[in-house]
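Structure file query-v3.txt (compact mmCIF, C-alpha atoms) is printed below.
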```txt
# COMPACT_ATOMS: atom_id res chain seq x y z
CA MET F 1 0.00 0.00 0.00
CA ALA F 2 1.24 3.46 -0.89
CA THR F 3 1.97 5.95 1.85
CA LEU F 4 1.32 9.62 1.19
CA GLN F 5 3.42 10.81 4.11
CA SER F 6 5.38 13.92 3.26
CA ASN F 7 8.63 15.29 4.67
CA PHE F 8 9.19 18.71 3.14
CA LEU F 9 12.21 20.50 4.64
CA GLY F 10 11.83 18.29 7.70
CA ILE F 11 8.23 19.45 8.05
CA LYS F 12 6.21 16.26 8.32
CA SER F 13 2.59 15.92 7.27
CA PRO F 14 0.35 12.90 6.62
CA ASN F 15 -0.03 13.84 2.95
CA PRO F 16 1.45 16.37 0.52
CA PHE F 17 -1.74 18.43 0.21
CA TRP F 18 -1.44 21.81 1.93
CA LEU F 19 -3.86 24.71 1.81
CA ALA F 20 -2.19 27.81 0.38
CA SER F 21 -2.04 31.17 2.10
CA ALA F 22 -5.46 32.57 1.18
CA PRO F 23 -8.98 33.15 2.55
CA PRO F 24 -9.40 29.45 3.53
CA THR F 25 -6.53 29.77 6.02
CA ASP F 26 -7.19 33.14 7.57
CA LYS F 27 -8.45 31.98 10.97
CA GLU F 28 -8.38 29.18 13.51
CA TYR F 29 -11.96 28.11 12.77
CA ASN F 30 -11.17 27.46 9.11
CA VAL F 31 -7.88 25.69 9.75
CA ARG F 32 -9.32 23.32 12.34
CA ARG F 33 -12.11 22.33 9.94
CA ALA F 34 -9.54 21.85 7.17
CA PHE F 35 -7.45 19.52 9.32
CA GLU F 36 -10.52 17.54 10.33
CA ALA F 37 -11.32 17.14 6.62
CA GLY F 38 -7.87 15.66 6.02
CA TRP F 39 -5.51 18.39 4.77
CA GLY F 40 -1.89 17.63 5.54
CA GLY F 41 -0.90 21.23 6.21
CA VAL F 42 -1.72 24.89 5.83
CA VAL F 43 0.11 28.07 5.04
CA TRP F 44 -1.63 30.64 7.25
CA LYS F 45 -2.99 33.65 5.40
CA THR F 46 -0.29 36.29 5.12
CA LEU F 47 0.49 38.18 8.31
CA GLY F 48 1.67 41.77 8.31
CA SER F 49 3.51 43.93 10.82
CA GLU F 50 1.92 45.87 13.64
CA GLY F 51 1.89 49.07 11.60
CA PRO F 52 -1.07 50.83 9.95
CA PRO F 53 -4.07 48.48 9.83
CA ILE F 54 -4.89 46.57 6.65
CA VAL F 55 -8.32 47.53 5.32
CA ASN F 56 -9.92 45.34 2.65
CA VAL F 57 -12.71 46.49 0.35
CA ASN F 58 -16.22 45.66 1.55
CA GLY F 59 -17.57 45.10 -1.93
CA PRO F 60 -16.87 42.10 -4.18
CA ARG F 61 -13.25 40.94 -4.05
CA TYR F 62 -13.36 38.37 -6.85
CA GLY F 63 -13.88 38.25 -10.58
CA ALA F 64 -14.47 34.89 -12.25
CA ILE F 65 -13.88 33.23 -15.60
CA TRP F 66 -16.35 30.43 -16.36
CA GLY F 67 -16.15 27.60 -18.87
CA ALA F 68 -18.96 26.71 -21.25
CA ASP F 69 -20.17 24.10 -18.75
CA ARG F 70 -20.17 26.72 -15.96
CA ARG F 71 -17.14 25.25 -14.28
CA LEU F 72 -14.87 27.81 -12.68
CA LEU F 73 -11.72 28.27 -14.75
CA GLY F 74 -10.11 31.12 -12.88
CA LEU F 75 -10.53 33.68 -10.14
CA ASN F 76 -9.22 37.21 -10.02
CA ASN F 77 -8.94 38.49 -6.46
CA ILE F 78 -8.22 41.95 -5.08
CA GLU F 79 -8.10 40.90 -1.43
CA LEU F 80 -5.12 42.05 0.61
CA ILE F 81 -3.26 40.18 3.35
CA THR F 82 -5.05 39.46 6.61
CA ASP F 83 -6.90 42.38 8.14
CA ARG F 84 -7.09 40.61 11.51
CA PRO F 85 -4.76 41.81 14.32
CA LEU F 86 -1.34 40.14 14.38
CA GLU F 87 -1.62 39.12 18.03
CA ILE F 88 -4.88 37.24 17.38
CA ASN F 89 -3.41 35.37 14.41
CA LEU F 90 -0.32 34.41 16.40
CA ARG F 91 -2.41 33.15 19.30
CA GLU F 92 -4.56 31.06 16.97
CA ILE F 93 -1.54 29.59 15.14
CA LYS F 94 -0.09 28.46 18.46
CA ALA F 95 -3.38 26.85 19.53
CA VAL F 96 -3.80 25.01 16.23
CA LYS F 97 -0.22 23.70 16.19
CA ARG F 98 -0.60 22.50 19.78
CA ASP F 99 -3.74 20.53 18.94
CA TYR F 100 -2.55 19.18 15.57
CA PRO F 101 1.15 18.39 16.06
CA ASP F 102 1.20 15.99 13.10
CA ARG F 103 0.06 18.65 10.61
CA ALA F 104 2.19 21.27 8.91
CA VAL F 105 1.53 24.87 9.94
CA VAL F 106 3.56 27.48 8.06
CA ALA F 107 3.13 31.23 8.55
CA SER F 108 3.07 33.44 5.46
CA LEU F 109 4.68 36.83 6.08
CA MET F 110 4.78 40.18 4.34
CA VAL F 111 6.19 43.30 5.98
CA PRO F 112 7.91 46.42 4.62
CA CYS F 113 11.26 45.86 2.92
CA GLU F 114 13.15 46.97 6.01
CA GLU F 115 15.48 44.78 8.06
CA GLY F 116 14.00 45.92 11.36
CA ALA F 117 10.46 45.01 10.34
CA TRP F 118 11.45 41.44 9.45
CA LYS F 119 13.59 40.97 12.54
CA THR F 120 10.71 42.16 14.72
CA ILE F 121 8.03 39.81 13.43
CA LEU F 122 10.09 36.62 13.15
CA PRO F 123 10.62 36.02 16.90
CA LEU F 124 6.88 36.48 17.43
CA VAL F 125 6.17 33.78 14.87
CA GLU F 126 8.78 31.48 16.41
CA GLU F 127 6.93 31.62 19.71
CA THR F 128 3.89 30.01 18.08
CA GLU F 129 5.97 26.89 17.30
CA ALA F 130 4.95 27.11 13.66
CA ASP F 131 6.87 24.73 11.41
CA GLY F 132 8.23 27.41 9.11
CA VAL F 133 7.67 30.71 7.33
CA GLU F 134 6.77 31.52 3.75
CA LEU F 135 7.88 34.92 2.46
CA ASN F 136 5.14 36.40 0.29
CA PHE F 137 7.02 38.04 -2.56
CA GLY F 138 4.21 37.63 -5.04
CA CYS F 139 1.04 39.57 -4.23
CA PRO F 140 0.49 41.73 -7.37
CA HIS F 141 -2.16 44.13 -6.09
CA GLY F 142 -2.56 46.51 -3.18
CA MET F 143 0.57 45.47 -1.35
CA ALA F 144 2.81 45.91 -4.39
CA GLU F 145 1.77 49.55 -4.50
CA ARG F 146 3.12 49.80 -0.94
CA GLY F 147 6.52 48.40 -1.85
CA MET F 148 5.80 44.82 -0.77
CA GLY F 149 4.63 41.61 -2.47
CA SER F 150 5.56 41.42 -6.16
CA ALA F 151 7.39 44.75 -5.87
CA VAL F 152 10.00 42.73 -3.95
CA GLY F 153 9.65 39.49 -5.89
CA GLN F 154 10.35 41.18 -9.22
CA VAL F 155 13.77 42.39 -8.06
CA PRO F 156 16.17 39.48 -7.45
CA GLU F 157 18.46 41.66 -5.33
CA TYR F 158 15.58 42.39 -2.94
CA VAL F 159 14.64 38.71 -2.81
CA GLU F 160 18.17 37.76 -1.82
CA MET F 161 18.46 40.61 0.70
CA VAL F 162 15.22 39.91 2.55
CA THR F 163 15.78 36.17 2.53
CA ARG F 164 19.19 36.69 4.11
CA TRP F 165 17.65 38.89 6.84
CA VAL F 166 15.19 36.11 7.60
CA LYS F 167 17.77 33.34 7.69
CA GLU F 168 19.99 35.41 9.99
CA THR F 169 17.11 35.87 12.41
CA THR F 170 15.17 32.63 12.64
CA ARG F 171 15.75 28.91 13.09
CA MET F 172 12.57 28.12 11.14
CA PRO F 173 12.70 26.74 7.59
CA CYS F 174 12.22 29.55 5.08
CA ILE F 175 10.14 29.14 1.92
CA VAL F 176 10.25 31.99 -0.60
CA LYS F 177 7.00 32.40 -2.56
CA LEU F 178 7.77 33.60 -6.09
CA THR F 179 5.79 35.89 -8.33
CA PRO F 180 5.06 34.70 -11.90
CA ASN F 181 4.93 38.33 -13.05
CA ILE F 182 8.53 38.23 -14.26
CA SER F 183 10.32 37.26 -17.46
CA ASP F 184 12.60 34.55 -16.01
CA ILE F 185 11.42 32.67 -12.92
CA CYS F 186 14.88 31.21 -12.37
CA GLN F 187 16.35 34.61 -11.51
CA PRO F 188 14.37 35.18 -8.27
CA ALA F 189 14.69 31.46 -7.49
CA HIS F 190 18.47 31.76 -7.73
CA ALA F 191 18.35 34.92 -5.63
CA ALA F 192 16.37 33.10 -2.95
CA LEU F 193 18.94 30.30 -3.00
CA LYS F 194 21.79 32.77 -2.61
CA GLY F 195 19.98 34.37 0.31
CA GLY F 196 19.82 31.01 2.06
CA ALA F 197 16.21 29.99 1.37
CA ASP F 198 15.36 26.40 2.21
CA ALA F 199 12.74 26.15 -0.56
CA VAL F 200 10.65 28.12 -3.02
CA SER F 201 6.92 27.98 -3.63
CA LEU F 202 5.26 28.97 -6.88
CA ILE F 203 3.35 30.35 -8.50
CA ASN F 204 1.68 33.25 -6.78
CA THR F 205 -1.15 34.92 -8.63
CA ILE F 206 -0.85 36.47 -12.09
CA THR F 207 -1.60 40.15 -12.63
CA SER F 208 -4.90 40.31 -14.47
CA VAL F 209 -8.18 41.98 -15.31
CA THR F 210 -10.75 39.26 -15.85
CA GLY F 211 -13.50 41.32 -17.44
CA VAL F 212 -15.24 44.64 -17.98
CA ASP F 213 -18.78 45.52 -16.96
CA LEU F 214 -20.01 47.07 -20.21
CA ASP F 215 -22.88 48.85 -18.48
CA LEU F 216 -20.68 50.50 -15.87
CA MET F 217 -17.66 50.67 -18.19
CA ALA F 218 -15.43 49.48 -15.36
CA PRO F 219 -13.29 46.39 -14.70
CA THR F 220 -14.77 43.59 -12.63
CA PRO F 221 -15.00 43.20 -9.71
CA THR F 222 -16.35 46.73 -9.53
CA ILE F 223 -16.14 48.82 -6.36
CA ASP F 224 -18.31 51.96 -6.45
CA GLY F 225 -17.87 52.33 -10.21
CA LYS F 226 -14.13 51.60 -10.29
CA GLY F 227 -12.01 48.48 -10.74
CA THR F 228 -8.36 47.48 -10.55
CA HIS F 229 -6.03 44.69 -11.58
CA GLY F 230 -5.91 41.69 -9.30
CA GLY F 231 -4.27 38.30 -8.91
CA TYR F 232 -5.41 35.46 -11.21
CA CYS F 233 -5.53 31.90 -9.90
CA GLY F 234 -7.38 28.64 -10.44
CA PRO F 235 -7.29 25.84 -13.05
CA ALA F 236 -6.51 28.27 -15.88
CA VAL F 237 -3.07 29.10 -14.47
CA LYS F 238 -1.94 25.48 -14.07
CA PRO F 239 -0.05 25.30 -17.41
CA ILE F 240 1.89 28.44 -16.53
CA ALA F 241 2.68 27.11 -13.08
CA LEU F 242 3.81 23.71 -14.38
CA ASN F 243 6.18 25.37 -16.84
CA MET F 244 7.75 27.57 -14.16
CA VAL F 245 8.15 24.68 -11.74
CA ALA F 246 9.84 22.69 -14.50
CA GLN F 247 12.13 25.61 -15.36
CA ILE F 248 13.46 25.73 -11.82
CA ALA F 249 13.68 21.94 -11.50
CA ARG F 250 15.77 21.52 -14.66
CA ASN F 251 18.00 24.58 -14.31
CA PRO F 252 21.50 23.48 -13.16
CA ILE F 253 21.72 26.44 -10.80
CA THR F 254 18.35 26.01 -9.09
CA CYS F 255 17.58 22.31 -9.56
CA ASP F 256 18.50 21.32 -6.00
CA ILE F 257 16.19 23.74 -4.20
CA PRO F 258 12.98 22.07 -2.92
CA ILE F 259 9.76 23.30 -4.55
CA SER F 260 6.22 23.63 -3.21
CA GLY F 261 3.94 23.65 -6.25
CA ILE F 262 1.00 26.05 -6.49
CA GLY F 263 -1.37 26.97 -9.29
CA GLY F 264 -4.68 25.39 -10.23
CA VAL F 265 -4.37 22.09 -8.36
CA THR F 266 -7.94 20.75 -8.43
CA ASP F 267 -7.56 16.97 -8.24
CA TRP F 268 -5.00 14.26 -7.53
CA ARG F 269 -3.79 14.19 -11.13
CA ASP F 270 -2.90 17.88 -11.03
CA ALA F 271 -0.91 17.25 -7.86
CA ALA F 272 0.89 14.27 -9.38
CA GLU F 273 1.84 16.35 -12.43
CA PHE F 274 3.36 19.09 -10.27
CA MET F 275 5.27 16.49 -8.28
CA ALA F 276 6.46 14.70 -11.42
CA LEU F 277 7.96 18.02 -12.51
CA GLY F 278 9.85 18.43 -9.25
CA ALA F 279 7.47 19.74 -6.59
CA GLY F 280 7.87 18.08 -3.19
CA ASN F 281 4.30 18.94 -2.23
CA VAL F 282 1.42 21.07 -3.50
CA GLN F 283 -0.63 23.95 -2.15
CA VAL F 284 -4.31 24.40 -2.98
CA CYS F 285 -6.65 27.39 -2.75
CA THR F 286 -9.25 27.81 -5.51
CA ALA F 287 -10.39 24.17 -5.42
CA ALA F 288 -11.10 24.43 -1.70
CA MET F 289 -12.97 27.71 -2.24
CA THR F 290 -15.01 26.12 -5.04
CA TYR F 291 -15.77 22.66 -3.65
CA GLY F 292 -15.11 22.93 0.08
CA PHE F 293 -12.48 21.41 2.35
CA LYS F 294 -13.56 17.81 1.76
CA ILE F 295 -12.22 17.93 -1.79
CA VAL F 296 -8.93 16.78 -0.24
CA GLN F 297 -10.44 13.37 0.44
CA GLU F 298 -10.81 12.75 -3.29
CA MET F 299 -7.24 13.98 -3.81
CA ILE F 300 -5.94 11.57 -1.17
CA SER F 301 -7.85 8.53 -2.44
CA GLY F 302 -7.08 9.29 -6.09
CA LEU F 303 -3.34 9.73 -5.56
CA SER F 304 -3.17 6.65 -3.35
CA GLU F 305 -4.95 4.46 -5.92
CA TRP F 306 -2.74 5.73 -8.75
CA MET F 307 0.40 5.08 -6.71
CA ASP F 308 -0.79 1.54 -5.96
CA GLU F 309 -1.45 0.99 -9.65
CA LYS F 310 2.04 2.21 -10.54
CA GLN F 311 3.56 0.30 -7.59
CA TYR F 312 4.93 3.42 -5.96
CA THR F 313 5.17 3.00 -2.20
CA SER F 314 6.09 6.61 -1.39
CA ILE F 315 5.72 9.99 -3.08
CA ASP F 316 9.51 10.35 -3.22
CA GLN F 317 9.61 7.64 -5.87
CA PHE F 318 7.96 9.78 -8.55
CA ILE F 319 8.85 13.33 -7.49
CA GLY F 320 10.86 14.80 -10.37
CA GLY F 321 10.28 11.76 -12.56
CA ALA F 322 9.24 13.81 -15.59
CA VAL F 323 12.02 16.40 -15.34
CA PRO F 324 14.53 14.49 -17.56
CA ASN F 325 11.93 14.43 -20.33
CA VAL F 326 11.46 18.21 -20.38
CA THR F 327 13.75 19.62 -23.04
CA ASP F 328 14.24 22.63 -25.28
CA TRP F 329 12.43 22.71 -28.62
CA GLN F 330 15.65 22.33 -30.58
CA TYR F 331 16.20 18.87 -29.10
CA LEU F 332 12.83 17.44 -30.12
CA ASN F 333 12.79 14.59 -32.65
CA LEU F 334 11.71 16.29 -35.88
CA ASN F 335 11.37 12.93 -37.61
CA HIS F 336 8.63 11.76 -35.28
CA VAL F 337 5.26 11.71 -37.08
CA THR F 338 1.76 11.67 -35.59
CA LYS F 339 -1.16 11.12 -37.95
CA ALA F 340 -4.87 11.52 -37.48
CA ARG F 341 -6.74 8.37 -36.52
CA ILE F 342 -10.52 8.60 -36.39
CA ASN F 343 -12.26 6.41 -33.80
CA GLN F 344 -15.66 5.92 -35.43
CA ASP F 345 -17.17 4.52 -32.23
CA ASP F 346 -16.36 7.71 -30.34
CA CYS F 347 -17.11 10.14 -33.18
CA ILE F 348 -20.33 12.17 -32.76
CA LYS F 349 -19.97 13.79 -36.22
CA CYS F 350 -19.67 17.32 -34.86
CA GLY F 351 -17.04 18.10 -37.48
CA ARG F 352 -14.82 20.16 -35.19
CA CYS F 353 -11.66 18.17 -35.91
CA TYR F 354 -12.32 18.44 -39.64
CA ALA F 355 -12.83 22.21 -39.46
CA ALA F 356 -9.70 22.71 -37.40
CA CYS F 357 -7.56 20.53 -39.66
CA GLU F 358 -9.02 21.77 -42.96
CA ASP F 359 -8.93 25.48 -42.20
CA THR F 360 -5.88 25.90 -39.99
CA SER F 361 -3.70 22.80 -40.27
CA HIS F 362 -2.63 20.21 -42.87
CA GLN F 363 -5.90 19.00 -44.45
CA ALA F 364 -5.27 15.49 -43.09
CA ILE F 365 -8.95 14.69 -42.44
CA SER F 366 -11.78 14.42 -44.95
CA MET F 367 -15.53 14.51 -44.28
CA THR F 368 -18.19 12.89 -46.48
CA PRO F 369 -21.57 14.55 -47.15
CA ASP F 370 -23.13 12.40 -44.43
CA ARG F 371 -20.44 13.67 -42.02
CA ILE F 372 -18.33 10.53 -41.85
CA LEU F 373 -14.75 11.52 -41.00
CA ARG F 374 -11.78 9.83 -42.59
CA SER F 375 -8.05 10.14 -42.20
CA LYS F 376 -6.26 10.93 -45.47
CA THR F 377 -3.83 8.09 -44.86
CA MET F 378 -2.23 8.28 -48.30
CA ASN F 379 -0.98 11.84 -48.00
CA ALA F 380 -1.45 12.62 -44.32
CA LEU F 381 0.98 15.15 -42.96
CA PRO F 382 1.89 15.37 -39.28
CA VAL F 383 -0.97 16.73 -37.20
CA THR F 384 -1.42 17.35 -33.51
CA SER F 385 -2.18 14.45 -31.22
CA ALA F 386 -5.37 16.29 -30.22
CA LEU F 387 -6.87 14.98 -33.46
CA MET F 388 -6.18 11.35 -32.60
CA SER F 389 -9.81 10.84 -31.62
CA ALA F 390 -12.73 12.90 -32.91
CA ARG F 391 -15.52 13.22 -30.38
```
Taking this structure as input, can you express it in the form of structure tokens?
Amino acid sequence: MATLQSNFLGIKSPNPFWLASAPPTDKEYNVRRAFEAGWGGVVWKTLGSEGPPIVNVNGPRYGAIWGADRRLLGLNNIELITDRPLEINLREIKAVKRDYPDRAVVASLMVPCEEGAWKTILPLVEETEADGVELNFGCPHGMAERGMGSAVGQVPEYVEMVTRWVKETTRMPCIVKLTPNISDICQPAHAALKGGADAVSLINTITSVTGVDLDLMAPTPTIDGKGTHGGYCGPAVKPIALNMVAQIARNPITCDIPISGIGGVTDWRDAAEFMALGAGNVQVCTAAMTYGFKIVQEMISGLSEWMDEKQYTSIDQFIGGAVPNVTDWQYLNLNHVTKARINQDDCIKCGRCYAACEDTSHQAISMTPDRILRSKTMNALPVTSALMSAR
């Protein structure tokens, strides 16, 4: 039987599924319910310093992108870090860790880019007996305008500097959360490594505007007639996140740094894909917000059954397994040919594969007047594997 036990930076948890720093982890009530549902760990919603209070908007904080079947594809959020007092959060973290010693509890932190601010908050977090800290260098809205969040994460020198302050001050493992709003994700990852980080987590949210209210002529979500850019997350960002995780995992300079994978993890397969590309565990937010905390039970059972099928007895046996097969385009086999094969039993005669191939590809599929699809086997040119089965 497979075991899902995870040991990330020496932080042990019964499974590799952690809740990310976000609304689901902003208070003791939520975290206790999450642990009872089966989550292996949480990253507590980002704490700030004891300076001016954080004030979130009272109106809608989320914009959504929906698929044709009304499934949620992505969320845009304009929520800031926790607006609850620091002392209350710290007290609740300590109580939760005391009652759930086998679960991972990591505190996400974001304070001004000043050495004194970081060295003030870290001892307070240590007193809670949290398992580690995650430095939020990714928030693209609100906090970035105040010189924090992605304003730090987009400057490798700042990433290295702040990480070094943290490592000089605390015994706790330090995870640096990276912003995807940058041209080369390996640069801040390398900076974190130089600063002494124990791991990186990625991706944080992507700067975005998800829509415009054409009656109000303002971006959504709309607050009193105005809108702003926010952070995009959910299933739609998974391909971007997988690519960035793979970039770090296969870069000779950063390949040895542990990775916590974030970005659109909705089921066990998503988690397994992140881990195959080098992530030691995964963090989840949007799926929990969409389906509730018990979604983790399906993730646990699904991953366990797949591991049994593949005869993996621990998650360490497949972490990074796909990394050697990620390569640059120039090294792909240009002599490899894939041709269209029509499965007539599956075909519903919608004609979409024919239209796509006829109008924008290599005319490798023909369609009879009664909408029977055929592969032009005599002169078929290479086509995408997406056309292997017409449905």
Next item on the list: Compare F:Arg84, F:Lys167, F:His190, F:Arg61 by their minimum atom-to-atom distance to F:Asp256, counting only C-alpha atoms, and give me the closest one.
Entry: F:His190
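Within 9 Å of the point (12.2, 20.4, 5.7), and counting only C-alpha atoms, the protein, DNA and RNA residues are F:Asn7, F:Phe8, F:Leu9, F:Gly10, F:Ile11, F:Lys12, F:Asp131, F:Gly132, F:Pro173, F:Asp198, F:Ala199, F:Pro258.
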Next item on the list: Take atom CA of F:Asp270 and atom CA of F:Thr290 and report the distance between them in Å, one decimal.
Entry: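 That distance, rounded to one decimal, is 15.8 Å.
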Item checked: Residue nearest F:Ala191 - candidates F:Arg171, F:Arg164, F:Lys349, F:His336, atoms counted: only C-alpha atoms ->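 Closest to F:Ala191, using only C-alpha atoms: F:Arg164.
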Notebook entry, point to check: Which polymer residues have any atom within 8 Å of an atom of F:Val237, counting all atoms listed in the file, with same-chain residues fewer than 3 positions away left out, as a PyMOL selection string?
Noted result: chain F and resi 74+232-234+240-241+263-264
How close does stretch 186-301 of chain F get to stretch 48-58 of chain F? List, as a tab-separated table, each residue of stretch 186-301 of chain F within 12 Å, its nearest atom pair and the distance in Å to one decimal, counting all atoms listed in the file.
```
residue	atom	partner	partner_atom	distance
F:Pro221	CA	F:Val57	CA	10.8
F:Thr222	CA	F:Val57	CA	10.5
F:Ile223	CA	F:Val57	CA	7.9
F:Asp224	CA	F:Val57	CA	10.4
F:Lys226	CA	F:Val57	CA	11.9
F:Gly227	CA	F:Val57	CA	11.3
F:Thr228	CA	F:Val57	CA	11.8
```
Check: Quick one, how far is atom CA of F:Gly147 from atom CA of F:Ile65?
Finding: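 Atom CA of F:Ile65 lies at a distance of 28.9 Å from atom CA of F:Gly147.
Counting all atoms listed in the file and comparing F:Glu79, F:Glu134, F:Glu157, F:Glu126, the residue that lies closest to F:Thr170 is F:Glu126.
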Next item on the list: Please identify all polymer residues within 10 Å of F:Glu115, counting all atoms listed in the file, omitting same-chain residues fewer than 5 positions from it, and present them as a ChimeraX atom specification.
Entry: /F:120,161-162,164-166
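Residue nearest F:Arg71, chosen from F:Met367, F:Trp18, F:Pro324, F:Thr266 and counting only C-alpha atoms: F:Thr266.
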Check: Looking at only C-alpha atoms, which of F:Gly261, F:Gly351, F:Pro188, F:Gly320 is the one that sits closest to F:Pro156?
Finding: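 Nearest candidate to F:Pro156 out of F:Gly261, F:Gly351, F:Pro188, F:Gly320: F:Pro188.
The two atoms in question, atom CA of F:Val152 and atom CA of F:Val133, are spaced 16.6 Å apart.
Minimum distance to F:Val323 across F:Gly302, F:Pro369, F:Gly41, F:Gly278 (counting all atoms listed in the file) occurs at F:Gly278.
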